[in-house]
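Encoded as structure tokens, the structure appears first; notes follow it.
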Amino acid sequence: MPTSASPASLRAGAADPPAESRSGTRPALVAVLLGFFTIMVDAMIVNVALPSIGTGFGSGMTGLQWVVDGYALAFAAFLLSAGAVSDRVGARQAFAFGLGLFVAASAVCATAPNLGVLVAARLAQGAGAAMVVPSSLALLRETFPDPTARAKAIALWGVGGSVGAAAGPVAGGLLTLIDWRMIFFVNLPIGVVALVLLRHAQPSPRRAVPFDWTGQVAAVAAMGALTFAVIEAGADGFGTAQALAAFATAVVSAVVYLAAQARGRHPMTPLPLLRSRTMSLTVAIGFALNVGFYGMIFLLGLYLQQVHGLSALATGVAFLPMTVLTSFVSPVAARLASRFGARMPMITGQLLMATGLLAMVTLPGGAPVWLTVVLMVPVGAGGAMAVTAMTALLLEQVPAERAGVASGVLNAARQLGGALAVAVFGALVADRAGFVSGLHTSLLIAAGTVALSVVATWLLRTQVPHQIPVTATEAGTRLLEH
């Protein structure tokens, strides 16, 4: 999960003390790795437990959509300003607050007496996760001022995230066999250990960074209202008063947000950045890729259990080939971008995704599980290839002082794409009798969305290959140095 840490918190400075004079280096590193690992596990662990959560609360599809989307929406909305908050309060303090909020919300999720409390706690989890990601990288920048040591720390950070994403579905399936609440309880001991270790890290400096309150509130309102409108419209129709009011709220909030960015003194996302061809196209591509990937994860988690009758554990294992292979694709994609330019691995990855999704559309409901598992692999691998090259390209072509903002906007758009995919696709598969038909329609929409992103990629202006970072770690290092 790329970061959106703000440039101010990541900028190299002469005031950085030498590494040998800093105490708590190792505890701080372990704390960051554990925190990021927990966030990545949680991003994948919930999907395989959805049928059990629905049974436990007697909830229909709408409730399950909110269990997933509550987290994704809060993550997307607060990611826009999390870097600025990290700068204002200090990276260590922001990391501690975000992880503390995430752990506390996990405890509420695990003990939720009803679905409403669970969804509210998922919103809090997403807000905490949004704070953890950029502050974790900023904390690594402070802890390891030496570029070589910092690159190694970032590499470990990336590996921890990959391991967490790969372990999430299997861990979710295994824990759900005991009780679905265990998928949230597991966050508590890991998070507490990370917070204890963090006490040994040096306090971070605070900076007088302005905060765009109007933009942040408007972004939360616009994303939340839009997702609510889509979910409600899918359940009750687009003509209902609730759906129409939500759509109107989303439009008004979006207008307020754009006005705040155009006229505000300290906008979160300055409009000149959004007018950049590279920025606007990359945001659209990132949105489309997450529609395909997270839409598929949501759908297949339900499909394998409700149609094929797999257990939660077997469903988690079914995701394992895709998640494991995906963790090895990113460095390959970075090397391809270095040699051939970013456009080649981006288009290759997008075509792999679209092909895998289209192939799933042709599968009948009774197709063997192993065939579904095989077809997941090009979707996951293609997505990882495209995202790695796309992120590297963006960080190379936006101004250095806007690198953190650009990364935050990109990842917010990606999270919003995943949230809206769950909202739309959940409505299409809500009817149990027509689940397979709705699944095929959803996958076809996902494939078409990814295919359209290929057109956007052709329109990108790419730099010469040698200017693209040769590894994902180098891309992250350059972002930190900005």
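Identifiers in this document derive from the order of the structure tokens: chains are assigned A, B, ..., residues are numbered from 1 separately in each chain, and ligands are numbered from 1 in order of occurrence.
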Would you return as a short mmCIF file (atom, residue, chain, number, x, y, z; two decimals) with N, CA and C atoms, in the first residue's frame the members of range 194-362 of chain A that DSSP assigns to alpha helix (DSSP H) on this structure's backbone?
```cif
data_model
loop_
_atom_site.label_atom_id
_atom_site.label_comp_id
_atom_site.auth_asym_id
_atom_site.auth_seq_id
_atom_site.Cartn_x
_atom_site.Cartn_y
_atom_site.Cartn_z
N ALA A 194 3.32 -3.29 19.40
CA ALA A 194 3.89 -2.21 18.61
C ALA A 194 3.87 -0.89 19.38
N LEU A 195 2.79 -0.61 20.09
CA LEU A 195 2.70 0.63 20.86
C LEU A 195 3.68 0.65 22.02
N VAL A 196 3.91 -0.49 22.65
CA VAL A 196 4.89 -0.57 23.73
C VAL A 196 6.30 -0.31 23.20
N LEU A 197 6.62 -0.92 22.07
CA LEU A 197 7.94 -0.71 21.47
C LEU A 197 8.13 0.75 21.05
N LEU A 198 7.05 1.37 20.62
CA LEU A 198 7.13 2.75 20.14
C LEU A 198 7.55 3.72 21.24
N TRP A 213 -9.50 22.20 6.84
CA TRP A 213 -10.68 21.63 7.50
C TRP A 213 -11.87 21.53 6.55
N THR A 214 -12.10 22.57 5.77
CA THR A 214 -13.24 22.56 4.85
C THR A 214 -13.10 21.43 3.82
N GLY A 215 -11.91 21.32 3.25
CA GLY A 215 -11.68 20.28 2.26
C GLY A 215 -11.83 18.88 2.85
N GLN A 216 -11.32 18.67 4.07
CA GLN A 216 -11.40 17.35 4.67
C GLN A 216 -12.84 16.95 4.96
N VAL A 217 -13.61 17.86 5.57
CA VAL A 217 -15.02 17.56 5.87
C VAL A 217 -15.81 17.31 4.58
N ALA A 218 -15.56 18.13 3.56
CA ALA A 218 -16.27 17.97 2.30
C ALA A 218 -15.91 16.65 1.62
N ALA A 219 -14.64 16.24 1.71
CA ALA A 219 -14.22 14.98 1.10
C ALA A 219 -14.91 13.80 1.78
N VAL A 220 -14.97 13.82 3.11
CA VAL A 220 -15.65 12.74 3.84
C VAL A 220 -17.12 12.69 3.45
N ALA A 221 -17.75 13.86 3.40
CA ALA A 221 -19.18 13.91 3.07
C ALA A 221 -19.45 13.43 1.65
N ALA A 222 -18.61 13.86 0.69
CA ALA A 222 -18.83 13.49 -0.70
C ALA A 222 -18.65 11.99 -0.92
N MET A 223 -17.57 11.42 -0.42
CA MET A 223 -17.32 9.99 -0.60
C MET A 223 -18.36 9.15 0.12
N GLY A 224 -18.66 9.53 1.35
CA GLY A 224 -19.63 8.76 2.12
C GLY A 224 -21.02 8.81 1.52
N ALA A 225 -21.45 10.01 1.10
CA ALA A 225 -22.79 10.15 0.52
C ALA A 225 -22.91 9.41 -0.80
N LEU A 226 -21.87 9.47 -1.62
CA LEU A 226 -21.91 8.77 -2.90
C LEU A 226 -22.02 7.26 -2.70
N THR A 227 -21.22 6.72 -1.81
CA THR A 227 -21.27 5.28 -1.55
C THR A 227 -22.61 4.88 -0.95
N PHE A 228 -23.11 5.68 -0.01
CA PHE A 228 -24.42 5.40 0.59
C PHE A 228 -25.50 5.40 -0.49
N ALA A 229 -25.43 6.38 -1.40
CA ALA A 229 -26.43 6.47 -2.46
C ALA A 229 -26.41 5.23 -3.35
N VAL A 230 -25.22 4.78 -3.71
CA VAL A 230 -25.11 3.61 -4.59
C VAL A 230 -25.62 2.35 -3.89
N ILE A 231 -25.26 2.18 -2.63
CA ILE A 231 -25.71 0.99 -1.88
C ILE A 231 -27.22 1.01 -1.71
N GLU A 232 -27.77 2.16 -1.31
CA GLU A 232 -29.22 2.26 -1.10
C GLU A 232 -29.97 2.11 -2.41
N ALA A 233 -29.43 2.69 -3.48
CA ALA A 233 -30.08 2.57 -4.79
C ALA A 233 -30.09 1.12 -5.25
N GLY A 234 -29.01 0.40 -4.98
CA GLY A 234 -28.95 -1.00 -5.36
C GLY A 234 -29.96 -1.84 -4.60
N ALA A 235 -30.24 -1.45 -3.36
CA ALA A 235 -31.17 -2.22 -2.53
C ALA A 235 -32.62 -1.86 -2.78
N ASP A 236 -32.91 -0.54 -2.92
CA ASP A 236 -34.30 -0.08 -2.98
C ASP A 236 -34.67 0.67 -4.25
N ALA A 241 -36.32 8.35 -1.83
CA ALA A 241 -35.95 9.66 -1.26
C ALA A 241 -34.55 9.60 -0.66
N GLN A 242 -34.22 8.49 0.00
CA GLN A 242 -32.89 8.37 0.61
C GLN A 242 -31.79 8.41 -0.43
N ALA A 243 -31.98 7.67 -1.51
CA ALA A 243 -30.95 7.62 -2.55
C ALA A 243 -30.78 8.98 -3.22
N LEU A 244 -31.90 9.64 -3.53
CA LEU A 244 -31.83 10.95 -4.18
C LEU A 244 -31.18 11.99 -3.27
N ALA A 245 -31.53 11.95 -1.98
CA ALA A 245 -30.93 12.89 -1.03
C ALA A 245 -29.43 12.65 -0.90
N ALA A 246 -29.04 11.39 -0.90
CA ALA A 246 -27.62 11.06 -0.77
C ALA A 246 -26.85 11.51 -2.01
N PHE A 247 -27.40 11.28 -3.20
CA PHE A 247 -26.74 11.74 -4.42
C PHE A 247 -26.60 13.27 -4.41
N ALA A 248 -27.65 13.96 -3.98
CA ALA A 248 -27.59 15.43 -3.92
C ALA A 248 -26.53 15.89 -2.93
N THR A 249 -26.44 15.21 -1.78
CA THR A 249 -25.42 15.55 -0.79
C THR A 249 -24.03 15.34 -1.36
N ALA A 250 -23.86 14.25 -2.10
CA ALA A 250 -22.55 13.96 -2.70
C ALA A 250 -22.15 15.05 -3.68
N VAL A 251 -23.10 15.51 -4.51
CA VAL A 251 -22.80 16.54 -5.50
C VAL A 251 -22.45 17.86 -4.82
N VAL A 252 -23.26 18.26 -3.84
CA VAL A 252 -23.01 19.52 -3.13
C VAL A 252 -21.66 19.47 -2.42
N SER A 253 -21.38 18.36 -1.76
CA SER A 253 -20.11 18.22 -1.04
C SER A 253 -18.93 18.25 -1.99
N ALA A 254 -19.07 17.63 -3.16
CA ALA A 254 -17.99 17.66 -4.15
C ALA A 254 -17.73 19.08 -4.63
N VAL A 255 -18.80 19.86 -4.84
CA VAL A 255 -18.65 21.26 -5.26
C VAL A 255 -17.94 22.07 -4.18
N VAL A 256 -18.34 21.85 -2.92
CA VAL A 256 -17.69 22.55 -1.80
C VAL A 256 -16.21 22.18 -1.74
N TYR A 257 -15.92 20.90 -1.95
CA TYR A 257 -14.52 20.44 -1.91
C TYR A 257 -13.70 21.13 -3.00
N LEU A 258 -14.22 21.15 -4.22
CA LEU A 258 -13.48 21.78 -5.32
C LEU A 258 -13.30 23.27 -5.08
N ALA A 259 -14.33 23.92 -4.53
CA ALA A 259 -14.23 25.35 -4.24
C ALA A 259 -13.17 25.60 -3.18
N ALA A 260 -13.10 24.72 -2.18
CA ALA A 260 -12.09 24.87 -1.13
C ALA A 260 -10.69 24.68 -1.68
N GLN A 261 -10.55 23.78 -2.65
CA GLN A 261 -9.23 23.57 -3.24
C GLN A 261 -8.84 24.72 -4.17
N ALA A 262 -9.84 25.33 -4.79
CA ALA A 262 -9.56 26.43 -5.73
C ALA A 262 -9.31 27.75 -5.01
N ARG A 263 -10.04 28.00 -3.89
CA ARG A 263 -9.98 29.31 -3.25
C ARG A 263 -9.38 29.29 -1.85
N LEU A 271 -5.55 22.56 -7.11
CA LEU A 271 -6.12 22.27 -8.42
C LEU A 271 -5.09 22.21 -9.54
N PRO A 272 -4.00 23.02 -9.51
CA PRO A 272 -3.00 22.85 -10.57
C PRO A 272 -2.45 21.43 -10.63
N LEU A 273 -2.34 20.77 -9.49
CA LEU A 273 -1.88 19.38 -9.48
C LEU A 273 -2.90 18.48 -10.14
N LEU A 274 -4.20 18.70 -9.83
CA LEU A 274 -5.25 17.87 -10.40
C LEU A 274 -5.40 18.11 -11.90
N ARG A 275 -5.00 19.32 -12.36
CA ARG A 275 -5.11 19.60 -13.79
C ARG A 275 -3.98 18.96 -14.59
N ARG A 277 -1.97 16.42 -16.56
CA ARG A 277 -2.42 15.27 -17.34
C ARG A 277 -1.98 13.96 -16.69
N THR A 278 -0.74 13.92 -16.25
CA THR A 278 -0.25 12.71 -15.60
C THR A 278 -1.06 12.40 -14.34
N MET A 279 -1.33 13.43 -13.53
CA MET A 279 -2.04 13.22 -12.28
C MET A 279 -3.47 12.75 -12.53
N SER A 280 -4.19 13.43 -13.41
CA SER A 280 -5.60 13.09 -13.63
C SER A 280 -5.74 11.70 -14.25
N LEU A 281 -4.89 11.36 -15.21
CA LEU A 281 -4.99 10.04 -15.83
C LEU A 281 -4.57 8.94 -14.86
N THR A 282 -3.54 9.20 -14.06
CA THR A 282 -3.10 8.20 -13.10
C THR A 282 -4.17 7.92 -12.06
N VAL A 283 -4.83 8.97 -11.61
CA VAL A 283 -5.92 8.80 -10.65
C VAL A 283 -7.03 7.95 -11.25
N ALA A 284 -7.38 8.19 -12.52
CA ALA A 284 -8.43 7.40 -13.18
C ALA A 284 -8.00 5.95 -13.33
N ILE A 285 -6.74 5.74 -13.66
CA ILE A 285 -6.23 4.37 -13.82
C ILE A 285 -6.24 3.64 -12.49
N GLY A 286 -5.75 4.31 -11.44
CA GLY A 286 -5.75 3.69 -10.12
C GLY A 286 -7.14 3.33 -9.65
N PHE A 287 -8.10 4.21 -9.90
CA PHE A 287 -9.50 3.95 -9.57
C PHE A 287 -9.98 2.68 -10.27
N ALA A 288 -9.70 2.59 -11.59
CA ALA A 288 -10.15 1.44 -12.38
C ALA A 288 -9.51 0.14 -11.91
N LEU A 289 -8.24 0.17 -11.60
CA LEU A 289 -7.55 -1.04 -11.16
C LEU A 289 -8.14 -1.59 -9.87
N ASN A 290 -8.51 -0.72 -8.96
CA ASN A 290 -9.09 -1.20 -7.71
C ASN A 290 -10.53 -1.66 -7.88
N VAL A 291 -11.25 -1.09 -8.84
CA VAL A 291 -12.57 -1.62 -9.16
C VAL A 291 -12.43 -3.09 -9.54
N GLY A 292 -11.44 -3.39 -10.38
CA GLY A 292 -11.24 -4.77 -10.81
C GLY A 292 -10.75 -5.67 -9.71
N PHE A 293 -9.74 -5.24 -8.95
CA PHE A 293 -9.11 -6.12 -7.98
C PHE A 293 -9.99 -6.32 -6.75
N TYR A 294 -10.35 -5.23 -6.06
CA TYR A 294 -11.11 -5.39 -4.83
C TYR A 294 -12.56 -5.81 -5.09
N GLY A 295 -13.07 -5.44 -6.28
CA GLY A 295 -14.38 -5.98 -6.65
C GLY A 295 -14.34 -7.48 -6.77
N MET A 296 -13.28 -8.01 -7.39
CA MET A 296 -13.14 -9.46 -7.52
C MET A 296 -12.98 -10.14 -6.17
N ILE A 297 -12.16 -9.57 -5.29
CA ILE A 297 -11.95 -10.16 -3.96
C ILE A 297 -13.27 -10.27 -3.21
N PHE A 298 -14.06 -9.21 -3.23
CA PHE A 298 -15.35 -9.20 -2.54
C PHE A 298 -16.27 -10.26 -3.13
N LEU A 299 -16.36 -10.33 -4.44
CA LEU A 299 -17.27 -11.26 -5.10
C LEU A 299 -16.87 -12.71 -4.86
N LEU A 300 -15.60 -13.01 -5.03
CA LEU A 300 -15.18 -14.41 -4.93
C LEU A 300 -15.19 -14.92 -3.50
N GLY A 301 -14.98 -14.03 -2.54
CA GLY A 301 -15.10 -14.46 -1.15
C GLY A 301 -16.50 -14.98 -0.85
N LEU A 302 -17.51 -14.34 -1.44
CA LEU A 302 -18.89 -14.79 -1.28
C LEU A 302 -19.18 -16.00 -2.16
N TYR A 303 -18.71 -15.95 -3.40
CA TYR A 303 -18.99 -17.01 -4.38
C TYR A 303 -18.47 -18.37 -3.92
N LEU A 304 -17.26 -18.43 -3.46
CA LEU A 304 -16.67 -19.70 -3.08
C LEU A 304 -17.38 -20.33 -1.89
N GLN A 305 -17.94 -19.49 -1.02
CA GLN A 305 -18.63 -20.04 0.15
C GLN A 305 -20.11 -20.27 -0.10
N GLN A 306 -20.77 -19.34 -0.78
CA GLN A 306 -22.22 -19.47 -0.96
C GLN A 306 -22.60 -20.39 -2.11
N ALA A 312 -14.63 -21.15 5.36
CA ALA A 312 -13.87 -19.89 5.36
C ALA A 312 -12.38 -20.16 5.19
N LEU A 313 -11.88 -21.23 5.82
CA LEU A 313 -10.46 -21.56 5.69
C LEU A 313 -10.12 -21.96 4.27
N ALA A 314 -10.93 -22.81 3.67
CA ALA A 314 -10.67 -23.23 2.29
C ALA A 314 -10.72 -22.03 1.34
N THR A 315 -11.62 -21.09 1.61
CA THR A 315 -11.69 -19.88 0.79
C THR A 315 -10.42 -19.05 0.93
N GLY A 316 -9.93 -18.92 2.15
CA GLY A 316 -8.68 -18.19 2.36
C GLY A 316 -7.52 -18.84 1.64
N VAL A 317 -7.46 -20.17 1.68
CA VAL A 317 -6.39 -20.89 0.99
C VAL A 317 -6.51 -20.69 -0.52
N ALA A 318 -7.73 -20.59 -1.03
CA ALA A 318 -7.93 -20.39 -2.46
C ALA A 318 -7.33 -19.07 -2.94
N PHE A 319 -7.30 -18.08 -2.08
CA PHE A 319 -6.71 -16.79 -2.43
C PHE A 319 -5.18 -16.80 -2.35
N LEU A 320 -4.61 -17.80 -1.70
CA LEU A 320 -3.18 -17.80 -1.40
C LEU A 320 -2.29 -17.75 -2.64
N PRO A 321 -2.54 -18.58 -3.69
CA PRO A 321 -1.65 -18.49 -4.87
C PRO A 321 -1.58 -17.09 -5.46
N MET A 322 -2.70 -16.41 -5.51
CA MET A 322 -2.72 -15.05 -6.06
C MET A 322 -1.94 -14.09 -5.17
N THR A 323 -2.20 -14.10 -3.86
CA THR A 323 -1.56 -13.14 -2.97
C THR A 323 -0.06 -13.38 -2.85
N VAL A 324 0.36 -14.64 -2.84
CA VAL A 324 1.79 -14.93 -2.74
C VAL A 324 2.52 -14.49 -4.00
N LEU A 325 1.98 -14.85 -5.16
CA LEU A 325 2.63 -14.47 -6.42
C LEU A 325 2.69 -12.96 -6.59
N THR A 326 1.64 -12.29 -6.17
CA THR A 326 1.58 -10.83 -6.30
C THR A 326 2.74 -10.15 -5.60
N SER A 327 3.17 -10.69 -4.46
CA SER A 327 4.26 -10.07 -3.71
C SER A 327 5.59 -10.14 -4.45
N PHE A 328 5.71 -11.05 -5.42
CA PHE A 328 6.95 -11.16 -6.19
C PHE A 328 6.92 -10.36 -7.49
N VAL A 329 5.76 -9.85 -7.85
CA VAL A 329 5.61 -9.18 -9.14
C VAL A 329 6.15 -7.76 -9.12
N SER A 330 6.00 -7.06 -8.00
CA SER A 330 6.37 -5.64 -7.94
C SER A 330 7.81 -5.37 -8.35
N PRO A 331 8.81 -6.11 -7.80
CA PRO A 331 10.18 -5.82 -8.25
C PRO A 331 10.40 -6.10 -9.73
N VAL A 332 9.72 -7.12 -10.26
CA VAL A 332 9.84 -7.41 -11.69
C VAL A 332 9.26 -6.26 -12.51
N ALA A 333 8.12 -5.75 -12.07
CA ALA A 333 7.50 -4.64 -12.79
C ALA A 333 8.39 -3.41 -12.77
N ALA A 334 9.06 -3.16 -11.64
CA ALA A 334 9.94 -2.00 -11.55
C ALA A 334 11.12 -2.14 -12.50
N ARG A 335 11.65 -3.34 -12.63
CA ARG A 335 12.76 -3.56 -13.57
C ARG A 335 12.30 -3.37 -15.01
N LEU A 336 11.10 -3.87 -15.32
CA LEU A 336 10.57 -3.67 -16.67
C LEU A 336 10.37 -2.19 -16.97
N ALA A 337 9.87 -1.46 -15.99
CA ALA A 337 9.70 -0.02 -16.18
C ALA A 337 11.03 0.67 -16.39
N SER A 338 12.05 0.21 -15.69
CA SER A 338 13.38 0.80 -15.84
C SER A 338 13.94 0.57 -17.24
N ARG A 339 13.61 -0.58 -17.80
CA ARG A 339 14.19 -0.93 -19.10
C ARG A 339 13.35 -0.43 -20.27
N PHE A 340 12.03 -0.54 -20.16
CA PHE A 340 11.17 -0.25 -21.30
C PHE A 340 10.28 0.98 -21.10
N ARG A 343 4.96 2.60 -19.33
CA ARG A 343 3.74 2.25 -20.05
C ARG A 343 3.66 0.76 -20.36
N MET A 344 4.78 0.14 -20.69
CA MET A 344 4.75 -1.28 -21.06
C MET A 344 4.27 -2.17 -19.91
N PRO A 345 4.87 -2.12 -18.71
CA PRO A 345 4.33 -2.97 -17.63
C PRO A 345 2.93 -2.56 -17.19
N MET A 346 2.58 -1.29 -17.32
CA MET A 346 1.23 -0.88 -16.95
C MET A 346 0.21 -1.53 -17.87
N ILE A 347 0.43 -1.44 -19.19
CA ILE A 347 -0.53 -2.01 -20.14
C ILE A 347 -0.54 -3.53 -20.05
N THR A 348 0.64 -4.12 -19.88
CA THR A 348 0.69 -5.57 -19.73
C THR A 348 -0.12 -6.03 -18.51
N GLY A 349 0.06 -5.33 -17.41
CA GLY A 349 -0.68 -5.68 -16.21
C GLY A 349 -2.17 -5.49 -16.38
N GLN A 350 -2.57 -4.38 -17.01
CA GLN A 350 -4.00 -4.12 -17.22
C GLN A 350 -4.63 -5.19 -18.12
N LEU A 351 -3.92 -5.59 -19.16
CA LEU A 351 -4.45 -6.61 -20.05
C LEU A 351 -4.55 -7.97 -19.35
N LEU A 352 -3.59 -8.27 -18.50
CA LEU A 352 -3.67 -9.51 -17.71
C LEU A 352 -4.90 -9.49 -16.82
N MET A 353 -5.11 -8.35 -16.14
CA MET A 353 -6.29 -8.23 -15.28
C MET A 353 -7.58 -8.41 -16.07
N ALA A 354 -7.71 -7.68 -17.16
CA ALA A 354 -8.95 -7.74 -17.96
C ALA A 354 -9.18 -9.14 -18.50
N THR A 355 -8.11 -9.81 -18.94
CA THR A 355 -8.24 -11.17 -19.48
C THR A 355 -8.71 -12.13 -18.40
N GLY A 356 -8.11 -12.05 -17.21
CA GLY A 356 -8.53 -12.92 -16.12
C GLY A 356 -9.97 -12.70 -15.73
N LEU A 357 -10.39 -11.44 -15.64
CA LEU A 357 -11.77 -11.13 -15.27
C LEU A 357 -12.75 -11.61 -16.34
N LEU A 358 -12.41 -11.41 -17.63
CA LEU A 358 -13.28 -11.87 -18.70
C LEU A 358 -13.38 -13.39 -18.72
N ALA A 359 -12.27 -14.07 -18.45
CA ALA A 359 -12.29 -15.53 -18.42
C ALA A 359 -13.22 -16.03 -17.31
N MET A 360 -13.25 -15.34 -16.18
CA MET A 360 -14.15 -15.74 -15.10
C MET A 360 -15.62 -15.58 -15.51
N VAL A 361 -15.90 -14.61 -16.37
CA VAL A 361 -17.28 -14.40 -16.82
C VAL A 361 -17.80 -15.62 -17.56
#
```
Query raised in the report: If we count only C-alpha atoms, what is near Gly98 in chain A at a cut-off of 10 Å, once residues fewer than 3 positions away on the same chain are taken out, given as a list in words?
Result: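 That gives Gly35, Ala82, Ser86, Arg92, Gln93, Ala94, Phe95, Leu101, Phe102, Val103, Ala104, Ala124, Gln125, Gly126, Ala127, Gly128, Ala129, Ala130, Met131, Val132, Val133, Ser135 and Ser136 of chain A.
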Query - Spatial neighbours of Arg199 in chain A, max dist 12 Å, only C-alpha atoms, sep filter under 6 positions, as a PyMOL selection string - result: chain A and resi 23-32+92-93+95-96+192-193
I need the chosen residues saved as a compact mmCIF listing (two decimals), in the first residue's frame, with all heavy atoms.
```
# COMPACT_ATOMS: atom_id res chain seq x y z
N SER A 23 18.52 6.82 19.95
CA SER A 23 18.18 5.63 20.70
C SER A 23 16.86 5.09 20.22
O SER A 23 16.04 5.81 19.67
CB SER A 23 18.10 5.97 22.20
OG SER A 23 17.07 6.91 22.43
N GLY A 24 16.64 3.82 20.44
CA GLY A 24 15.36 3.21 20.09
C GLY A 24 15.18 2.94 18.62
O GLY A 24 14.05 2.80 18.16
N THR A 25 16.29 2.85 17.85
CA THR A 25 16.17 2.63 16.42
C THR A 25 15.49 1.30 16.12
O THR A 25 14.52 1.23 15.35
CB THR A 25 17.56 2.66 15.75
OG1 THR A 25 18.12 3.95 15.94
CG2 THR A 25 17.45 2.36 14.27
N ARG A 26 15.99 0.23 16.75
CA ARG A 26 15.42 -1.09 16.46
C ARG A 26 13.98 -1.21 16.96
O ARG A 26 13.12 -1.70 16.21
CB ARG A 26 16.29 -2.19 17.07
CG ARG A 26 15.81 -3.59 16.74
CD ARG A 26 16.81 -4.64 17.16
NE ARG A 26 18.06 -4.51 16.42
CZ ARG A 26 19.12 -5.27 16.63
NH1 ARG A 26 19.11 -6.20 17.59
NH2 ARG A 26 20.21 -5.11 15.91
N PRO A 27 13.66 -0.78 18.20
CA PRO A 27 12.25 -0.84 18.61
C PRO A 27 11.32 -0.05 17.70
O PRO A 27 10.20 -0.48 17.42
CB PRO A 27 12.29 -0.26 20.03
CG PRO A 27 13.66 -0.50 20.51
CD PRO A 27 14.54 -0.36 19.31
N ALA A 28 11.79 1.11 17.24
CA ALA A 28 10.95 1.92 16.34
C ALA A 28 10.69 1.18 15.03
O ALA A 28 9.57 1.18 14.51
CB ALA A 28 11.61 3.27 16.07
N LEU A 29 11.73 0.54 14.49
CA LEU A 29 11.58 -0.20 13.24
C LEU A 29 10.59 -1.35 13.41
O LEU A 29 9.69 -1.55 12.58
CB LEU A 29 12.93 -0.74 12.77
CG LEU A 29 12.91 -1.65 11.54
CD1 LEU A 29 12.34 -0.91 10.33
CD2 LEU A 29 14.31 -2.17 11.24
N VAL A 30 10.75 -2.12 14.49
CA VAL A 30 9.85 -3.25 14.73
C VAL A 30 8.42 -2.75 14.93
O VAL A 30 7.46 -3.36 14.44
CB VAL A 30 10.32 -4.07 15.95
CG1 VAL A 30 9.33 -5.18 16.27
CG2 VAL A 30 11.70 -4.66 15.69
N ALA A 31 8.26 -1.64 15.64
CA ALA A 31 6.93 -1.08 15.86
C ALA A 31 6.27 -0.70 14.54
O ALA A 31 5.08 -0.98 14.30
CB ALA A 31 7.01 0.13 16.78
N VAL A 32 7.04 -0.05 13.66
CA VAL A 32 6.51 0.34 12.36
C VAL A 32 6.13 -0.88 11.53
O VAL A 32 5.06 -0.93 10.91
CB VAL A 32 7.54 1.22 11.61
CG1 VAL A 32 7.14 1.38 10.14
CG2 VAL A 32 7.65 2.58 12.26
N ARG A 92 5.95 10.21 15.17
CA ARG A 92 5.77 9.18 16.20
C ARG A 92 4.42 9.34 16.88
O ARG A 92 3.71 8.36 17.13
CB ARG A 92 6.88 9.24 17.24
CG ARG A 92 6.93 7.99 18.13
CD ARG A 92 7.78 8.16 19.36
NE ARG A 92 7.06 8.94 20.39
CZ ARG A 92 7.41 8.97 21.68
NH1 ARG A 92 8.47 8.30 22.08
NH2 ARG A 92 6.73 9.68 22.55
N GLN A 93 4.06 10.56 17.20
CA GLN A 93 2.80 10.82 17.87
C GLN A 93 1.61 10.45 16.96
O GLN A 93 0.63 9.87 17.42
CB GLN A 93 2.69 12.28 18.30
CG GLN A 93 3.76 12.71 19.31
CD GLN A 93 5.06 13.19 18.68
OE1 GLN A 93 5.72 12.43 17.98
NE2 GLN A 93 5.43 14.45 18.92
N PHE A 95 1.66 8.26 14.48
CA PHE A 95 1.65 6.80 14.35
C PHE A 95 1.01 6.16 15.57
O PHE A 95 0.18 5.24 15.46
CB PHE A 95 3.08 6.28 14.16
CG PHE A 95 3.17 4.79 13.94
CD1 PHE A 95 3.03 4.25 12.68
CD2 PHE A 95 3.39 3.94 15.01
CE1 PHE A 95 3.10 2.88 12.47
CE2 PHE A 95 3.48 2.56 14.81
CZ PHE A 95 3.33 2.04 13.56
N ALA A 96 1.38 6.65 16.75
CA ALA A 96 0.82 6.10 18.00
C ALA A 96 -0.68 6.34 18.07
O ALA A 96 -1.46 5.44 18.44
CB ALA A 96 1.51 6.72 19.21
N VAL A 192 -0.78 -3.76 20.47
CA VAL A 192 -0.29 -3.38 21.80
C VAL A 192 1.23 -3.52 21.87
O VAL A 192 1.92 -2.64 22.40
CB VAL A 192 -0.98 -4.21 22.89
CG1 VAL A 192 -0.28 -4.02 24.23
CG2 VAL A 192 -2.45 -3.83 23.01
N VAL A 193 1.77 -4.61 21.33
CA VAL A 193 3.23 -4.79 21.32
C VAL A 193 3.90 -3.66 20.55
O VAL A 193 4.92 -3.10 20.98
CB VAL A 193 3.60 -6.16 20.70
CG1 VAL A 193 5.11 -6.25 20.45
CG2 VAL A 193 3.17 -7.29 21.63
```
Query raised in the report: Expressed in Å to a single decimal, how great is the separation between CA of Ala72 in chain A and CA of Ala419 in chain A?
Result: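 Spanning CA of Ala72 in chain A to CA of Ala419 in chain A is a straight-line distance of 5.9 Å.
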Query raised in the report: What gap, in Å, lies between CA of Thr441 in chain A and CA of Leu363 in chain A?
Result: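 Distance between the two atoms: 12.0 Å.
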Query - Atomic separation - CA of Thr38 in chain A relative to CA of Ile190 in chain A, Å - result: 7.2 Å
Report task. Write out as number ranges by chain the residues lying within 10 Å of Val68 in chain A, counting only C-alpha atoms and excluding same-chain residues fewer than 3 positions away. Result -> A: 43-44, 46-47, 50, 63-65, 71-73, 119, 122-123, 298, 418-419, 422-423
Query raised in the report: With only C-alpha atoms as the basis for distance, which of A:Val170, A:Val405, A:Met40, A:Leu460 is at the shortest distance from Leu393 in chain A?
Result: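 Of A:Val170, A:Val405, A:Met40, A:Leu460, the one nearest Leu393 in chain A, counting only C-alpha atoms, is A:Leu460.
Here the question is which of A:Arg181, A:Pro399, A:Ser437, A:Val450 gets nearest to Val379 in chain A using only C-alpha atoms, and that residue is A:Val450.
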